[in-house]
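One structure is given below, encoded as structure tokens.
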Amino acid sequence: MEGLPALDIDADFLNLRVFDISDNMFTGQIPRNYGNLADLRVLLMANNNFEGNLPPSFQNLENLVNLDLSKNILDGPIPEEWGDGLGSIQFLSLSANYLTGEIPIQLRRWQEIKVLKFDNNIFTGELPFWIGRKKTLEEIHFEWNAYNGQPGFSGQIPENFGDLEALNILYLQGNSFTGAVPDLPSNAVEIRLNDNNLEGQLPESVSEMEFLESFDFQNNKIQTVPDKICELTAGNLQILLGGCDVSCACCTDQC
């Protein structure tokens, strides 16, 4: 399939609310005037062959709730302008592209965000502290950004991530995070911290995460886990992977 044409917004798509062109073979750049679709709530463009940069004009989509641009060949940074708009955004997936740079501080203005998927790109830099203040967040997917010699996300995991009470999924694996693991979201169901440079002991608070079903922290420098974490295996915890060098009586690794 060829690239998408620019749209005659006034004549053809003035009242469009859902635009789904996922799972095709569209090529070329995303037309900039799609940012003029003022009533749009859902924009799904995943699994195509779009290339080039993310359109700054998307900042004008003030009613957009769901934006999925995953599985394309987009590159470059997240536009800072997006933080000046997209005020209704709840779900954003940029997964599986070639996007680079750091997470813009301007995105801290988003008040409704629930799901952030930045995985399988080439993002770098430390995770900004403001992410831990977004109490609406339910899923964070920042995994596997270390690619082709690039470190991916780095620095310490923000200490305030433990305040994300609505968070169910935290995927940070495949990056270059360092330091000790802080307190983690108490209601999380799945946590993946594997394949980083984390060290020390897991926090005692992990033993109190009664909803936790899967926790993977292997391929780090973590040596020990709290003894009481094994009590969680009598409840919801089914997968606990720490690697063969970790002192853990109830880990499910096949060592």
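In the structure tokens, chains take the letters A, B, ... in the order shown, each chain's residues start at 1, and ligands count up from 1 in the order shown.
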Exercise for review: Enumerate the residues of segment 8-254 of chain A with a DSSP assignment of alpha helix (DSSP H), computed from the backbone, and present them as number ranges by chain.
Suggested key: A: 9-12
Exercise for review: Would you mind listing what lies within 8 Å of segment 225-235 of chain A as number ranges by chain, with only C-alpha atoms counted and same-chain residues fewer than 6 positions away left out?
Suggested key: A: 201-204, 206-210, 212, 246-250
What does the file look like for those residues with all heavy atoms, as an mmCIF file, in the first residue's frame?
data_model
loop_
_atom_site.group_PDB
_atom_site.id
_atom_site.type_symbol
_atom_site.label_atom_id
_atom_site.label_comp_id
_atom_site.auth_asym_id
_atom_site.auth_seq_id
_atom_site.Cartn_x
_atom_site.Cartn_y
_atom_site.Cartn_z
ATOM 1 N N GLN A 201 19.593 -5.382 48.036
ATOM 2 C CA GLN A 201 18.506 -6.274 48.440
ATOM 3 C C GLN A 201 17.172 -5.668 48.051
ATOM 4 O O GLN A 201 16.996 -4.453 48.051
ATOM 5 C CB GLN A 201 18.544 -6.497 49.956
ATOM 6 C CG GLN A 201 17.409 -7.382 50.462
ATOM 7 C CD GLN A 201 17.531 -7.718 51.934
ATOM 8 O OE1 GLN A 201 18.631 -7.829 52.451
ATOM 9 N NE2 GLN A 201 16.398 -7.886 52.594
ATOM 10 N N LEU A 202 16.226 -6.517 47.716
ATOM 11 C CA LEU A 202 14.876 -6.025 47.467
ATOM 12 C C LEU A 202 14.305 -5.430 48.746
ATOM 13 O O LEU A 202 14.576 -5.908 49.841
ATOM 14 C CB LEU A 202 13.983 -7.164 46.985
ATOM 15 C CG LEU A 202 14.310 -7.773 45.623
ATOM 16 C CD1 LEU A 202 13.316 -8.896 45.321
ATOM 17 C CD2 LEU A 202 14.259 -6.732 44.520
ATOM 18 N N PRO A 203 13.485 -4.388 48.641
ATOM 19 C CA PRO A 203 12.918 -3.765 49.847
ATOM 20 C C PRO A 203 11.962 -4.710 50.572
ATOM 21 O O PRO A 203 11.315 -5.554 49.962
ATOM 22 C CB PRO A 203 12.187 -2.540 49.299
ATOM 23 C CG PRO A 203 11.882 -2.878 47.879
ATOM 24 C CD PRO A 203 13.038 -3.713 47.405
ATOM 25 N N GLU A 204 11.899 -4.556 51.886
ATOM 26 C CA GLU A 204 11.012 -5.388 52.698
ATOM 27 C C GLU A 204 9.562 -5.247 52.274
ATOM 28 O O GLU A 204 8.761 -6.171 52.414
ATOM 29 C CB GLU A 204 11.160 -5.014 54.177
ATOM 30 C CG GLU A 204 12.509 -5.367 54.790
ATOM 31 C CD GLU A 204 12.710 -6.858 54.951
ATOM 32 O OE1 GLU A 204 11.696 -7.595 55.019
ATOM 33 O OE2 GLU A 204 13.870 -7.294 55.006
ATOM 34 N N VAL A 206 8.228 -5.388 49.502
ATOM 35 C CA VAL A 206 7.817 -6.336 48.468
ATOM 36 C C VAL A 206 7.022 -7.488 49.089
ATOM 37 O O VAL A 206 6.095 -8.033 48.485
ATOM 38 C CB VAL A 206 9.044 -6.870 47.706
ATOM 39 C CG1 VAL A 206 8.660 -7.999 46.766
ATOM 40 C CG2 VAL A 206 9.704 -5.749 46.917
ATOM 41 N N SER A 207 7.351 -7.833 50.312
ATOM 42 C CA SER A 207 6.687 -8.953 50.990
ATOM 43 C C SER A 207 5.230 -8.663 51.304
ATOM 44 O O SER A 207 4.483 -9.573 51.684
ATOM 45 C CB SER A 207 7.426 -9.286 52.296
ATOM 46 O OG SER A 207 8.777 -9.595 52.047
ATOM 47 N N GLU A 208 4.800 -7.412 51.171
ATOM 48 C CA GLU A 208 3.440 -7.024 51.498
ATOM 49 C C GLU A 208 2.579 -6.804 50.244
ATOM 50 O O GLU A 208 1.434 -6.360 50.349
ATOM 51 C CB GLU A 208 3.460 -5.752 52.345
ATOM 52 C CG GLU A 208 4.265 -5.910 53.636
ATOM 53 C CD GLU A 208 4.447 -4.594 54.363
ATOM 54 O OE1 GLU A 208 3.895 -3.567 53.900
ATOM 55 O OE2 GLU A 208 5.144 -4.587 55.391
ATOM 56 N N MET A 209 3.108 -7.143 49.088
ATOM 57 C CA MET A 209 2.389 -6.907 47.828
ATOM 58 C C MET A 209 1.467 -8.095 47.528
ATOM 59 O O MET A 209 1.794 -8.986 46.755
ATOM 60 C CB MET A 209 3.396 -6.657 46.702
ATOM 61 C CG MET A 209 4.269 -5.432 46.965
ATOM 62 S SD MET A 209 5.595 -5.192 45.753
ATOM 63 C CE MET A 209 4.629 -4.858 44.286
ATOM 64 N N GLU A 210 0.312 -8.085 48.141
ATOM 65 C CA GLU A 210 -0.565 -9.253 48.129
ATOM 66 C C GLU A 210 -1.175 -9.558 46.769
ATOM 67 O O GLU A 210 -1.652 -10.675 46.537
ATOM 68 C CB GLU A 210 -1.679 -9.069 49.160
ATOM 69 C CG GLU A 210 -2.519 -7.820 48.959
ATOM 70 C CD GLU A 210 -3.599 -7.688 50.013
ATOM 71 O OE1 GLU A 210 -4.196 -8.717 50.384
ATOM 72 O OE2 GLU A 210 -3.842 -6.562 50.464
ATOM 73 N N LEU A 212 0.493 -9.325 43.876
ATOM 74 C CA LEU A 212 1.577 -9.648 42.950
ATOM 75 C C LEU A 212 1.471 -11.089 42.464
ATOM 76 O O LEU A 212 1.386 -12.025 43.258
ATOM 77 C CB LEU A 212 2.927 -9.419 43.638
ATOM 78 C CG LEU A 212 4.171 -9.438 42.763
ATOM 79 C CD1 LEU A 212 4.125 -8.329 41.712
ATOM 80 C CD2 LEU A 212 5.429 -9.286 43.630
ATOM 81 N N VAL A 246 21.044 -15.605 43.244
ATOM 82 C CA VAL A 246 20.306 -14.935 44.308
ATOM 83 C C VAL A 246 19.905 -15.939 45.375
ATOM 84 O O VAL A 246 19.473 -17.057 45.073
ATOM 85 C CB VAL A 246 19.050 -14.248 43.729
ATOM 86 C CG1 VAL A 246 18.210 -13.623 44.837
ATOM 87 C CG2 VAL A 246 19.452 -13.180 42.731
ATOM 88 N N SER A 247 20.055 -15.509 46.624
ATOM 89 C CA SER A 247 19.628 -16.348 47.739
ATOM 90 C C SER A 247 18.121 -16.193 47.914
ATOM 91 O O SER A 247 17.636 -15.189 48.435
ATOM 92 C CB SER A 247 20.354 -15.922 49.022
ATOM 93 O OG SER A 247 19.887 -16.651 50.138
ATOM 94 N N CYS A 248 17.374 -17.188 47.425
ATOM 95 C CA CYS A 248 15.918 -17.091 47.402
ATOM 96 C C CYS A 248 15.340 -18.493 47.451
ATOM 97 O O CYS A 248 15.445 -19.259 46.496
ATOM 98 C CB CYS A 248 15.462 -16.357 46.139
ATOM 99 S SG CYS A 248 13.672 -16.303 45.915
ATOM 100 N N ALA A 249 14.711 -18.821 48.587
ATOM 101 C CA ALA A 249 14.234 -20.180 48.796
ATOM 102 C C ALA A 249 13.030 -20.525 47.952
ATOM 103 O O ALA A 249 12.765 -21.714 47.675
ATOM 104 C CB ALA A 249 13.906 -20.384 50.281
ATOM 105 N N CYS A 250 12.264 -19.530 47.523
ATOM 106 C CA CYS A 250 11.027 -19.828 46.823
ATOM 107 C C CYS A 250 11.005 -19.316 45.388
ATOM 108 O O CYS A 250 9.952 -19.317 44.741
ATOM 109 C CB CYS A 250 9.844 -19.222 47.590
ATOM 110 S SG CYS A 250 9.993 -17.444 47.871
#
How close does segment 66-90 of chain A get to segment 94-106 of chain A? List, as a Markdown table, each residue of segment 66-90 of chain A within 8 Å, its nearest atom pair and the distance in Å to one decimal, counting only C-alpha atoms.
| residue | atom | partner | partner_atom | distance |
| --- | --- | --- | --- | --- |
| A:Asp68 | CA | A:Leu94 | CA | 6.5 |
| A:Leu69 | CA | A:Leu94 | CA | 5.2 |
| A:Ser70 | CA | A:Ser95 | CA | 4.5 |
| A:Lys71 | CA | A:Ala96 | CA | 4.7 |
| A:Asn72 | CA | A:Asn97 | CA | 5.4 |
| A:Ile73 | CA | A:Asn97 | CA | 5.0 |
| A:Leu74 | CA | A:Asn97 | CA | 5.4 |
| A:Asp75 | CA | A:Leu99 | CA | 4.3 |
| A:Gly76 | CA | A:Leu99 | CA | 5.0 |
| A:Pro77 | CA | A:Thr100 | CA | 5.0 |
| A:Ile78 | CA | A:Pro104 | CA | 7.0 |
| A:Pro79 | CA | A:Pro104 | CA | 7.6 |
| A:Glu80 | CA | A:Pro104 | CA | 5.8 |
| A:Glu81 | CA | A:Gln106 | CA | 7.6 |
| A:Trp82 | CA | A:Gln106 | CA | 7.5 |
| A:Gly83 | CA | A:Gln106 | CA | 4.4 |
| A:Asp84 | CA | A:Gln106 | CA | 6.8 |
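If you look at atom CA of Leu127 of chain A and atom CA of Leu43 of chain A, they are 26.3 Å away from each other.
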Point to revise | Sel. of strand (DSSP E) residues, segment 23-252 of chain A, as a PyMOL selection string | key: chain A and resi 27-28+42-44+49-52+66-68+73-76+91-93+98-101+115-117+122-123+125-126+139-141+153-156+169-171+176-180+190-192+197-201+214-216+221-224+239-241
Exercise for review: Write out as number ranges by chain which residues come within 9 Å of Lys221 of chain A when counting only C-alpha atoms, dropping same-chain ones fewer than 5 positions away.
Suggested key: A: 196-200, 245-246
Practice item. Write out as number ranges by chain the residues lying within 9 Å of Asp23 of chain A, counting only C-alpha atoms and excluding same-chain residues fewer than 4 positions away. Key: A: 45-48
Please produce an output containing C-alpha atoms for each residue in the selection, written as a PDB file, in the first residue's frame.
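Final file, again15.pdb:
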ATOM      1  CA  MET A  45      -2.277   3.462  13.272  1.00  0.00           C
ATOM      2  CA  ALA A  46      -0.378   0.457  14.614  1.00  0.00           C
ATOM      3  CA  ASN A  47       1.355  -2.233  12.589  1.00  0.00           C
ATOM      4  CA  ASN A  48       2.045  -0.328   9.362  1.00  0.00           C
TER       5      ASN A  48
END
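Checking A:Leu44, A:Leu137, A:Ala38, A:Ala180 one by one against Val18 of chain A, counting only C-alpha atoms, you find the shortest gap at A:Leu44.
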